[in-house]
$ cat structure.pdb   # PDB, C-alpha atoms and all ligand atoms
MODEL        1
ATOM      1  CA  MET A  28       6.003  14.019  10.957
ATOM      2  CA  PRO A  29       4.704  15.853   7.855
ATOM      3  CA  PRO A  30       1.294  14.782   6.511
ATOM      4  CA  PRO A  31       1.721  11.881   4.098
ATOM      5  CA  ARG A  32       1.339  12.260   0.342
ATOM      6  CA  ILE A  33      -2.303  12.172  -0.788
ATOM      7  CA  VAL A  34      -2.967  10.512  -4.140
ATOM      8  CA  ARG A  35      -6.284  10.884  -5.946
ATOM      9  CA  THR A  36      -5.961   8.866  -9.149
ATOM     10  CA  VAL A  37      -5.586   5.127  -9.651
ATOM     11  CA  LYS A  38      -2.656   5.886 -11.983
ATOM     12  CA  ALA A  39      -0.686   7.804  -9.325
ATOM     13  CA  LEU A  40      -1.522   5.174  -6.717
ATOM     14  CA  ARG A  41      -0.308   2.327  -8.907
ATOM     15  CA  SER A  42       2.950   4.069  -9.738
ATOM     16  CA  ALA A  43       3.682   4.681  -6.002
ATOM     17  CA  VAL A  44       2.861   1.110  -4.994
ATOM     18  CA  GLN A  45       4.742  -0.408  -7.954
ATOM     19  CA  LYS A  46       7.975   1.250  -6.775
ATOM     20  CA  TRP A  47       7.625  -0.463  -3.393
ATOM     21  CA  ARG A  48       6.712  -3.763  -4.955
ATOM     22  CA  ALA A  49       9.694  -3.576  -7.342
ATOM     23  CA  ALA A  50      11.939  -3.232  -4.277
ATOM     24  CA  GLY A  51      10.371  -6.389  -2.826
ATOM     25  CA  GLU A  52       8.605  -4.467  -0.050
ATOM     26  CA  SER A  53       5.201  -5.300   1.440
ATOM     27  CA  VAL A  54       2.124  -3.085   1.752
ATOM     28  CA  ALA A  55      -0.705  -2.993   4.290
ATOM     29  CA  LEU A  56      -3.972  -1.138   3.689
ATOM     30  CA  VAL A  57      -6.317   0.403   6.254
ATOM     31  CA  PRO A  58      -9.631   1.141   4.490
ATOM     32  CA  THR A  59     -11.514   4.054   6.131
ATOM     33  CA  MET A  60     -14.207   6.616   5.437
ATOM     34  CA  GLY A  61     -12.178   9.334   7.207
ATOM     35  CA  ALA A  62     -13.307  11.315  10.312
ATOM     36  CA  LEU A  63     -10.517   9.409  11.971
ATOM     37  CA  HIS A  64     -10.410   8.693  15.710
ATOM     38  CA  ASP A  65      -7.956   6.829  17.936
ATOM     39  CA  GLY A  66      -9.509   3.510  16.911
ATOM     40  CA  HIS A  67      -8.449   4.079  13.302
ATOM     41  CA  LEU A  68      -4.965   5.052  14.454
ATOM     42  CA  THR A  69      -4.548   1.707  16.235
ATOM     43  CA  LEU A  70      -5.359   0.076  12.876
ATOM     44  CA  VAL A  71      -2.575   2.163  11.327
ATOM     45  CA  SER A  72      -0.041   1.013  13.946
ATOM     46  CA  LEU A  73      -1.052  -2.572  13.256
ATOM     47  CA  ALA A  74      -0.581  -1.950   9.509
ATOM     48  CA  ARG A  75       2.913  -0.615  10.187
ATOM     49  CA  ARG A  76       3.770  -3.758  12.135
ATOM     50  CA  LYS A  77       2.422  -6.019   9.385
ATOM     51  CA  ALA A  78       4.159  -4.493   6.351
ATOM     52  CA  ASP A  79       6.930  -2.172   5.143
ATOM     53  CA  TRP A  80       4.453   0.456   3.910
ATOM     54  CA  ALA A  81       1.133   1.602   5.377
ATOM     55  CA  VAL A  82      -1.525   2.981   3.022
ATOM     56  CA  VAL A  83      -4.761   4.443   4.412
ATOM     57  CA  SER A  84      -7.715   4.946   2.103
ATOM     58  CA  ILE A  85     -10.188   7.725   2.859
ATOM     59  CA  PHE A  86     -13.352   7.404   0.823
ATOM     60  CA  VAL A  87     -16.895   8.030   2.020
ATOM     61  CA  ASN A  88     -18.415   5.301  -0.096
ATOM     62  CA  PRO A  89     -21.854   6.423  -1.334
ATOM     63  CA  THR A  90     -22.952   2.930  -2.403
ATOM     64  CA  GLN A  91     -22.984   1.566   1.155
ATOM     65  CA  PHE A  92     -25.459   4.187   2.419
ATOM     66  CA  GLY A  93     -29.206   3.670   2.008
ATOM     67  CA  PRO A  94     -31.376   6.494   0.611
ATOM     68  CA  THR A  95     -32.497   7.614   4.102
ATOM     69  CA  GLU A  96     -29.100   7.182   5.774
ATOM     70  CA  ASP A  97     -26.483   9.713   6.857
ATOM     71  CA  LEU A  98     -24.318  10.072   3.686
ATOM     72  CA  SER A  99     -24.779  13.844   3.423
ATOM     73  CA  ARG A 100     -24.072  14.503   7.106
ATOM     74  CA  TYR A 101     -21.282  11.911   7.460
ATOM     75  CA  PRO A 102     -18.377  13.802   9.120
ATOM     76  CA  ARG A 103     -15.550  14.827   6.755
ATOM     77  CA  ASP A 104     -12.212  16.391   7.766
ATOM     78  CA  GLU A 105      -9.481  15.467   5.293
ATOM     79  CA  ALA A 106      -6.923  17.992   6.563
ATOM     80  CA  GLY A 107      -7.368  16.837  10.169
ATOM     81  CA  ASP A 108      -7.242  13.196   9.059
ATOM     82  CA  ALA A 109      -4.006  13.805   7.122
ATOM     83  CA  ARG A 110      -2.358  15.390  10.192
ATOM     84  CA  LYS A 111      -3.343  12.454  12.396
ATOM     85  CA  LEU A 112      -2.199   9.951   9.786
ATOM     86  CA  GLY A 113       1.162  11.729   9.485
ATOM     87  CA  ALA A 114       1.673  11.500  13.248
ATOM     88  CA  ALA A 115       0.688   7.806  13.157
ATOM     89  CA  GLY A 116       3.320   7.027  10.506
ATOM     90  CA  THR A 117       1.114   6.517   7.433
ATOM     91  CA  ASP A 118       3.114   6.451   4.207
ATOM     92  CA  LEU A 119       0.400   7.253   1.674
ATOM     93  CA  ILE A 120      -3.234   8.375   1.694
ATOM     94  CA  TRP A 121      -5.464   7.087  -1.086
ATOM     95  CA  ALA A 122      -8.323   9.590  -1.343
ATOM     96  CA  PRO A 123     -10.099   9.270  -4.682
ATOM     97  CA  ALA A 124     -13.089  11.414  -5.629
ATOM     98  CA  ALA A 125     -16.372   9.565  -6.191
ATOM     99  CA  GLU A 126     -15.911   9.952  -9.995
ATOM    100  CA  GLU A 127     -12.525   8.219  -9.822
ATOM    101  CA  MET A 128     -13.979   5.302  -7.861
ATOM    102  CA  TYR A 129     -17.244   5.104  -9.806
ATOM    103  CA  PRO A 130     -16.685   6.637 -13.255
ATOM    104  CA  ASP A 131     -19.599   7.136 -15.635
ATOM    105  CA  GLY A 132     -20.828   3.783 -16.840
ATOM    106  CA  PHE A 133     -19.735   1.883 -13.714
ATOM    107  CA  ALA A 134     -21.925  -1.231 -13.728
ATOM    108  CA  THR A 135     -20.426  -4.030 -11.615
ATOM    109  CA  THR A 136     -21.508  -4.852  -8.077
ATOM    110  CA  ILE A 137     -20.513  -7.687  -5.774
ATOM    111  CA  VAL A 138     -23.560  -8.900  -3.859
ATOM    112  CA  PRO A 139     -22.477 -11.024  -0.873
ATOM    113  CA  LYS A 140     -24.912 -13.476   0.700
ATOM    114  CA  GLY A 141     -24.173 -15.802   3.640
ATOM    115  CA  ALA A 142     -22.830 -13.680   6.495
ATOM    116  CA  ALA A 143     -24.175 -10.534   4.769
ATOM    117  CA  LEU A 144     -27.841 -11.538   4.977
ATOM    118  CA  PRO A 145     -28.869 -11.308   8.670
ATOM    119  CA  LEU A 146     -28.654  -8.376  11.131
ATOM    120  CA  GLU A 147     -27.248  -5.318   9.326
ATOM    121  CA  GLY A 148     -28.241  -7.027   6.066
ATOM    122  CA  GLU A 149     -31.900  -6.927   7.167
ATOM    123  CA  PHE A 150     -31.860  -3.345   8.411
ATOM    124  CA  ARG A 151     -29.561  -1.983   5.671
ATOM    125  CA  PRO A 152     -30.327  -4.158   2.619
ATOM    126  CA  HIS A 153     -27.776  -2.661   0.162
ATOM    127  CA  HIS A 154     -25.060  -1.917   2.680
ATOM    128  CA  PHE A 155     -22.834  -4.973   2.289
ATOM    129  CA  ALA A 156     -22.996  -4.963  -1.514
ATOM    130  CA  GLY A 157     -21.585  -1.425  -1.306
ATOM    131  CA  VAL A 158     -18.939  -2.484   1.208
ATOM    132  CA  ALA A 159     -17.897  -5.664  -0.632
ATOM    133  CA  THR A 160     -17.710  -3.837  -3.959
ATOM    134  CA  VAL A 161     -15.661  -0.909  -2.691
ATOM    135  CA  CYS A 162     -13.320  -3.138  -0.660
ATOM    136  CA  THR A 163     -12.720  -5.406  -3.663
ATOM    137  CA  LYS A 164     -11.918  -2.284  -5.695
ATOM    138  CA  LEU A 165      -9.617  -0.973  -2.950
ATOM    139  CA  PHE A 166      -7.787  -4.321  -2.841
ATOM    140  CA  SER A 167      -7.379  -4.318  -6.603
ATOM    141  CA  GLN A 168      -6.255  -0.666  -6.666
ATOM    142  CA  VAL A 169      -3.770  -0.811  -3.758
ATOM    143  CA  THR A 170      -2.790  -4.520  -4.137
ATOM    144  CA  PRO A 171      -1.982  -4.786  -0.409
ATOM    145  CA  ASP A 172      -0.453  -7.909   1.151
ATOM    146  CA  ALA A 173      -2.671  -7.311   4.186
ATOM    147  CA  ALA A 174      -5.762  -5.219   4.938
ATOM    148  CA  ILE A 175      -6.681  -4.243   8.482
ATOM    149  CA  PHE A 176     -10.325  -4.134   9.655
ATOM    150  CA  GLY A 177     -11.619  -3.298  13.131
ATOM    151  CA  GLU A 178     -13.795  -5.808  14.981
ATOM    152  CA  LYS A 179     -16.122  -2.900  15.803
ATOM    153  CA  ASP A 180     -17.861  -3.608  12.478
ATOM    154  CA  TYR A 181     -17.845  -7.326  13.166
ATOM    155  CA  GLN A 182     -20.327  -8.375  10.503
ATOM    156  CA  GLN A 183     -18.403  -6.317   7.940
ATOM    157  CA  LEU A 184     -15.265  -8.230   8.911
ATOM    158  CA  CYS A 185     -17.076 -11.576   8.388
ATOM    159  CA  VAL A 186     -18.429 -10.410   5.022
ATOM    160  CA  ILE A 187     -15.003  -9.223   3.839
ATOM    161  CA  ARG A 188     -13.379 -12.499   4.881
ATOM    162  CA  GLN A 189     -16.098 -14.323   2.946
ATOM    163  CA  THR A 190     -15.648 -12.130  -0.170
ATOM    164  CA  VAL A 191     -11.862 -12.569  -0.089
ATOM    165  CA  ALA A 192     -12.192 -16.345   0.257
ATOM    166  CA  ASP A 193     -14.949 -16.665  -2.367
ATOM    167  CA  LEU A 194     -13.138 -14.550  -4.974
ATOM    168  CA  ASN A 195      -9.627 -15.862  -4.106
ATOM    169  CA  LEU A 196      -8.422 -12.307  -3.553
ATOM    170  CA  PRO A 197      -4.704 -12.343  -2.709
ATOM    171  CA  VAL A 198      -4.914 -10.284   0.492
ATOM    172  CA  LYS A 199      -4.648 -11.331   4.139
ATOM    173  CA  ILE A 200      -7.436  -9.884   6.271
ATOM    174  CA  VAL A 201      -6.215  -8.867   9.719
ATOM    175  CA  ALA A 202      -8.737  -8.132  12.491
ATOM    176  CA  ALA A 203      -8.014  -5.535  15.165
ATOM    177  CA  PRO A 204      -9.834  -5.493  18.532
ATOM    178  CA  THR A 205     -12.433  -2.753  19.040
ATOM    179  CA  SER A 206     -10.994   0.414  20.490
ATOM    180  CA  ARG A 207     -13.132   1.825  23.321
ATOM    181  CA  ASP A 208     -13.479   4.963  25.392
ATOM    182  CA  ARG A 209     -12.854   4.477  29.141
ATOM    183  CA  ASP A 210     -16.561   3.962  29.821
ATOM    184  CA  GLY A 211     -16.754   1.115  27.294
ATOM    185  CA  LEU A 212     -18.302   2.974  24.343
ATOM    186  CA  ALA A 213     -16.864   1.600  21.099
ATOM    187  CA  ARG A 214     -15.052   4.352  19.174
ATOM    188  CA  SER A 215     -16.903   5.301  15.992
ATOM    189  CA  SER A 216     -16.965   8.315  13.690
ATOM    190  CA  ARG A 217     -20.744   8.386  14.275
ATOM    191  CA  ASN A 218     -20.229   9.103  18.006
ATOM    192  CA  ALA A 219     -19.662  12.691  16.857
ATOM    193  CA  TYR A 220     -23.434  12.939  16.258
ATOM    194  CA  LEU A 221     -24.291  12.307  19.945
ATOM    195  CA  THR A 222     -25.540  15.107  22.188
ATOM    196  CA  ALA A 223     -24.012  15.317  25.704
ATOM    197  CA  ASP A 224     -26.966  13.387  27.196
ATOM    198  CA  GLU A 225     -26.825  10.739  24.478
ATOM    199  CA  ARG A 226     -23.069  10.357  24.934
ATOM    200  CA  GLU A 227     -23.689   9.705  28.629
ATOM    201  CA  ALA A 228     -26.278   7.033  27.846
ATOM    202  CA  ALA A 229     -24.282   5.397  25.023
ATOM    203  CA  PRO A 230     -22.096   2.972  27.089
ATOM    204  CA  ALA A 231     -25.325   1.159  28.077
ATOM    205  CA  LEU A 232     -25.054  -0.661  24.733
ATOM    206  CA  ASN A 233     -21.740  -2.253  25.680
ATOM    207  CA  ARG A 234     -23.099  -3.081  29.169
ATOM    208  CA  ALA A 235     -26.120  -4.757  27.574
ATOM    209  CA  LEU A 236     -23.883  -6.924  25.374
ATOM    210  CA  LYS A 237     -21.754  -7.887  28.382
ATOM    211  CA  GLY A 238     -24.864  -8.964  30.300
ATOM    212  CA  ILE A 239     -25.988 -11.191  27.426
ATOM    213  CA  ALA A 240     -22.466 -12.625  26.918
ATOM    214  CA  ALA A 241     -22.243 -13.583  30.610
ATOM    215  CA  ILE A 242     -25.507 -15.559  30.406
ATOM    216  CA  ALA A 243     -24.605 -17.162  27.047
ATOM    217  CA  ALA A 244     -21.189 -18.220  28.392
ATOM    218  CA  LYS A 245     -22.912 -20.053  31.264
ATOM    219  CA  GLY A 246     -25.350 -21.786  28.907
ATOM    220  CA  GLY A 247     -28.212 -19.713  30.408
ATOM    221  CA  LEU A 248     -31.445 -18.516  28.826
ATOM    222  CA  ILE A 249     -30.318 -16.210  26.031
ATOM    223  CA  ASN A 250     -33.788 -14.944  25.056
ATOM    224  CA  LYS A 251     -34.472 -13.893  28.638
ATOM    225  CA  ALA A 252     -31.084 -12.133  28.816
ATOM    226  CA  ILE A 253     -31.935 -10.286  25.582
ATOM    227  CA  ASP A 254     -35.305  -9.153  27.000
ATOM    228  CA  VAL A 255     -33.604  -7.794  30.132
ATOM    229  CA  ALA A 256     -30.892  -6.066  28.083
ATOM    230  CA  THR A 257     -33.495  -4.495  25.744
ATOM    231  CA  HIS A 258     -35.406  -3.157  28.735
ATOM    232  CA  ASP A 259     -32.173  -1.766  30.264
ATOM    233  CA  LEU A 260     -31.239  -0.007  27.018
ATOM    234  CA  LEU A 261     -34.629   1.697  26.750
ATOM    235  CA  GLN A 262     -34.417   2.689  30.426
ATOM    236  CA  ALA A 263     -30.955   4.186  29.807
ATOM    237  CA  GLY A 264     -32.350   6.492  27.097
ATOM    238  CA  PHE A 265     -32.001   4.458  23.912
ATOM    239  CA  THR A 266     -35.010   5.098  21.715
ATOM    240  CA  LYS A 267     -35.139   1.883  19.645
ATOM    241  CA  VAL A 268     -33.355  -1.454  19.593
ATOM    242  CA  ASP A 269     -32.850  -2.909  16.086
ATOM    243  CA  TYR A 270     -31.376  -6.154  17.390
ATOM    244  CA  LEU A 271     -29.537  -7.801  20.256
ATOM    245  CA  THR A 272     -28.478 -11.315  19.380
ATOM    246  CA  VAL A 273     -25.970 -14.097  19.943
ATOM    247  CA  ARG A 274     -24.497 -15.642  16.802
ATOM    248  CA  ASP A 275     -21.884 -18.113  15.635
ATOM    249  CA  ALA A 276     -18.710 -15.990  15.561
ATOM    250  CA  GLU A 277     -17.783 -17.067  12.033
ATOM    251  CA  THR A 278     -20.985 -17.714  10.063
ATOM    252  CA  LEU A 279     -23.306 -15.425  12.090
ATOM    253  CA  ALA A 280     -25.876 -18.251  12.098
ATOM    254  CA  PRO A 281     -27.867 -18.507  15.366
ATOM    255  CA  PHE A 282     -25.603 -19.509  18.268
ATOM    256  CA  GLU A 283     -25.865 -23.000  19.703
ATOM    257  CA  ALA A 284     -24.060 -23.289  23.030
ATOM    258  CA  LYS A 285     -23.891 -27.091  22.675
ATOM    259  CA  ALA A 286     -22.028 -26.870  19.330
ATOM    260  CA  GLY A 287     -18.926 -25.758  21.256
ATOM    261  CA  ARG A 288     -18.099 -23.082  18.659
ATOM    262  CA  PRO A 289     -17.195 -19.499  19.552
ATOM    263  CA  GLY A 290     -20.120 -17.102  19.809
ATOM    264  CA  ARG A 291     -20.467 -13.372  19.343
ATOM    265  CA  VAL A 292     -23.024 -11.009  20.872
ATOM    266  CA  LEU A 293     -24.020  -8.248  18.463
ATOM    267  CA  GLY A 294     -26.311  -5.268  18.917
ATOM    268  CA  ALA A 295     -27.630  -2.219  17.080
ATOM    269  CA  ALA A 296     -29.718   0.470  18.744
ATOM    270  CA  TRP A 297     -30.749   4.070  18.275
ATOM    271  CA  LEU A 298     -30.080   7.048  20.487
ATOM    272  CA  GLY A 299     -32.349   9.672  18.908
ATOM    273  CA  THR A 300     -31.206  10.002  15.301
ATOM    274  CA  THR A 301     -27.919   8.129  15.799
ATOM    275  CA  ARG A 302     -27.644   4.399  15.264
ATOM    276  CA  LEU A 303     -24.894   2.670  17.256
ATOM    277  CA  ILE A 304     -23.590  -0.871  16.770
ATOM    278  CA  ASP A 305     -21.291  -2.926  18.979
ATOM    279  CA  ASN A 306     -20.309  -6.546  19.566
ATOM    280  CA  ILE A 307     -18.265  -8.685  21.954
ATOM    281  CA  ALA A 308     -17.071 -12.283  22.158
ATOM    282  CA  VAL A 309     -19.033 -14.772  24.278
TER     283      VAL A 309
HETATM  284  O1  LIG B   1     -15.624   0.464   7.879
HETATM  285  C1  LIG B   1     -15.625   1.412   7.065
HETATM  286  O2  LIG B   1     -15.207   2.538   7.376
HETATM  287  C2  LIG B   1     -16.138   1.169   5.645
HETATM  288  O3  LIG B   1     -17.231   0.311   5.640
HETATM  289  C3  LIG B   1     -15.051   0.684   4.680
HETATM  290  C4  LIG B   1     -14.491  -0.671   5.086
HETATM  291  C5  LIG B   1     -13.919   1.705   4.617
HETATM  292  C6  LIG B   1     -15.627   0.536   3.259
HETATM  293  O4  LIG B   1     -16.121   1.749   2.787
ENDMDL
END
$ encode --input "structure.pdb" --output "structure tokens" --more "lines below"
Ligand code: PAF
Amino acid sequence: MPPPRIVRTVKALRSAVQKWRAAGESVALVPTMGALHDGHLTLVSLARRKADWAVVSIFVNPTQFGPTEDLSRYPRDEAGDARKLGAAGTDLIWAPAAEEMYPDGFATTIVPKGAALPLEGEFRPHHFAGVATVCTKLFSQVTPDAAIFGEKDYQQLCVIRQTVADLNLPVKIVAAPTSRDRDGLARSSRNAYLTADEREAAPALNRALKGIAAIAAKGGLINKAIDVATHDLLQAGFTKVDYLTVRDAETLAPFEAKAGRPGRVLGAAWLGTTRLIDNIAV
């Protein structure tokens, strides 16, 4: 299939989507920052199943990166992304420049609390305001019936659900299971940063989460399981553990086995200069 049409202005985007809407057809959006891997492409197939038209946005959103984070080295490959998206059956790519998304004088930010406060919110204080703001803009630009988010960024998914509910945004949020390499490593554009040795060590993060989930599921001692998992990660070559934790799967409040609600194990840890995150259900 030929690469899909790439639109770069809100005006061109609206005119394309309005034609579909006028014909009574539905639209699904897959928001991305590009550097697409197979995980993203599974989100595109889900989008195609959910709606008549699949739009993929590619925008490396500067406002969700902290001042010392990897914005300048974040991988970019628009031509490669467009080829992959064509093969995956994407109908339109929405790839605005930063000035189109944030024109001079831009002055409105959505600051989510609740699910945005712990975990990533503590380590990356401005991250979710950037994510919630750009996603709200993407929803208002594309006006999708559904938007597809991977469970890989589980806290992001919770925050987006919260934003959509709080602001009554007319979009259905669809979650897609995390796509993994054969050794369990969650697919992520940031895996491209890993050296060969780091790539070999990386699946230890998923193993650590599985160990904690097994103990939590049995009502065992979660803090002890976290200590063991932290030790195992450092032994495997991880250089720092930001957090390993078990949370309520919806609110991300601390998990209480007795409450009988679903739990989620989440972790973030560093391999050299690369920070990896992952999560699994209890
Ligand atoms: O998950 C991502 O790639 C980004 O956080 C998103 C949702 C595209 C917003 O920039």
$ resolve_selection --input "structure.pdb" --expression "the PyMOL selection byres (((chain A and resi 37) around 10) and not hetatm)" --output "JSON, numbers by chain"
{"A": [34, 35, 36, 38, 39, 40, 41, 42, 43, 121, 122, 123, 127, 128, 165, 168, 169]}
$ resolve_selection --input "structure.pdb" --expression "the PyMOL selection byres (((chain A and resi 151) around 12) and not hetatm)" --output "count of residues only"
25
$ residues_near_ligand --input "structure.pdb" --ligand "ligand LIG 1 (chain B)" --cutoff "7 Å" --atoms "all atoms listed in the file" --output "number ranges by chain"
A: 58-60, 86-88, 158, 161-162, 180
$ closest_residue --input "structure.pdb" --among "A:Gly299, A:Gly290, A:Pro197, A:Pro281" --to "Ala228 of chain A" --atoms "all atoms listed in the file"
A:Gly299
$ residues_around --input "structure.pdb" --residues "Ala229 of chain A" --least-positions-apart "3" --cutoff "8 Å" --atoms "all atoms listed in the file" --output "MDAnalysis selection string"
chainID A and resid 212 225:226 232 265 298
$ resolve_selection --input "structure.pdb" --expression "the PyMOL selection byres (((chain A and resi 173) around 7) and not hetatm)" --output "ChimeraX atom specification"
/A:54-56,171-172,174-175,198-201
$ closest_residue --input "structure.pdb" --among "A:Met28, A:Ala115, A:Ala124, A:Ala276" --to "His64 of chain A" --atoms "only C-alpha atoms"
A:Ala115
$ closest_residue --input "structure.pdb" --among "A:Ser53, A:Thr278, A:Ser167, A:Asn218" --to "Thr300 of chain A" --atoms "only C-alpha atoms"
A:Asn218
$ closest_residue --input "structure.pdb" --among "A:Ala159, A:Asp118, A:Gly66, A:Val273" --to "Leu196 of chain A" --atoms "all atoms listed in the file"
A:Ala159
$ residues_around --input "structure.pdb" --residues "segment 98-109 of chain A" --least-positions-apart "4" --cutoff "7 Å" --atoms "all atoms listed in the file" --output "number ranges by chain"
A: 30-31, 61-63, 89, 92, 113
$ atom_distance --input "structure.pdb" --atom1 "atom CA of Tyr129 of chain A" --atom2 "atom CA of Lys164 of chain A"
10.0 Å
$ residues_around --input "structure.pdb" --residues "segment 250-254 of chain A" --least-positions-apart "6" --cutoff "7 Å" --atoms "all atoms listed in the file" --output "ChimeraX atom specification"
/A:239,242,271
$ closest_residue --input "structure.pdb" --among "A:Val83, A:Ala256, A:Val186, A:Ile120" --to "Ala231 of chain A" --atoms "all atoms listed in the file"
A:Ala256
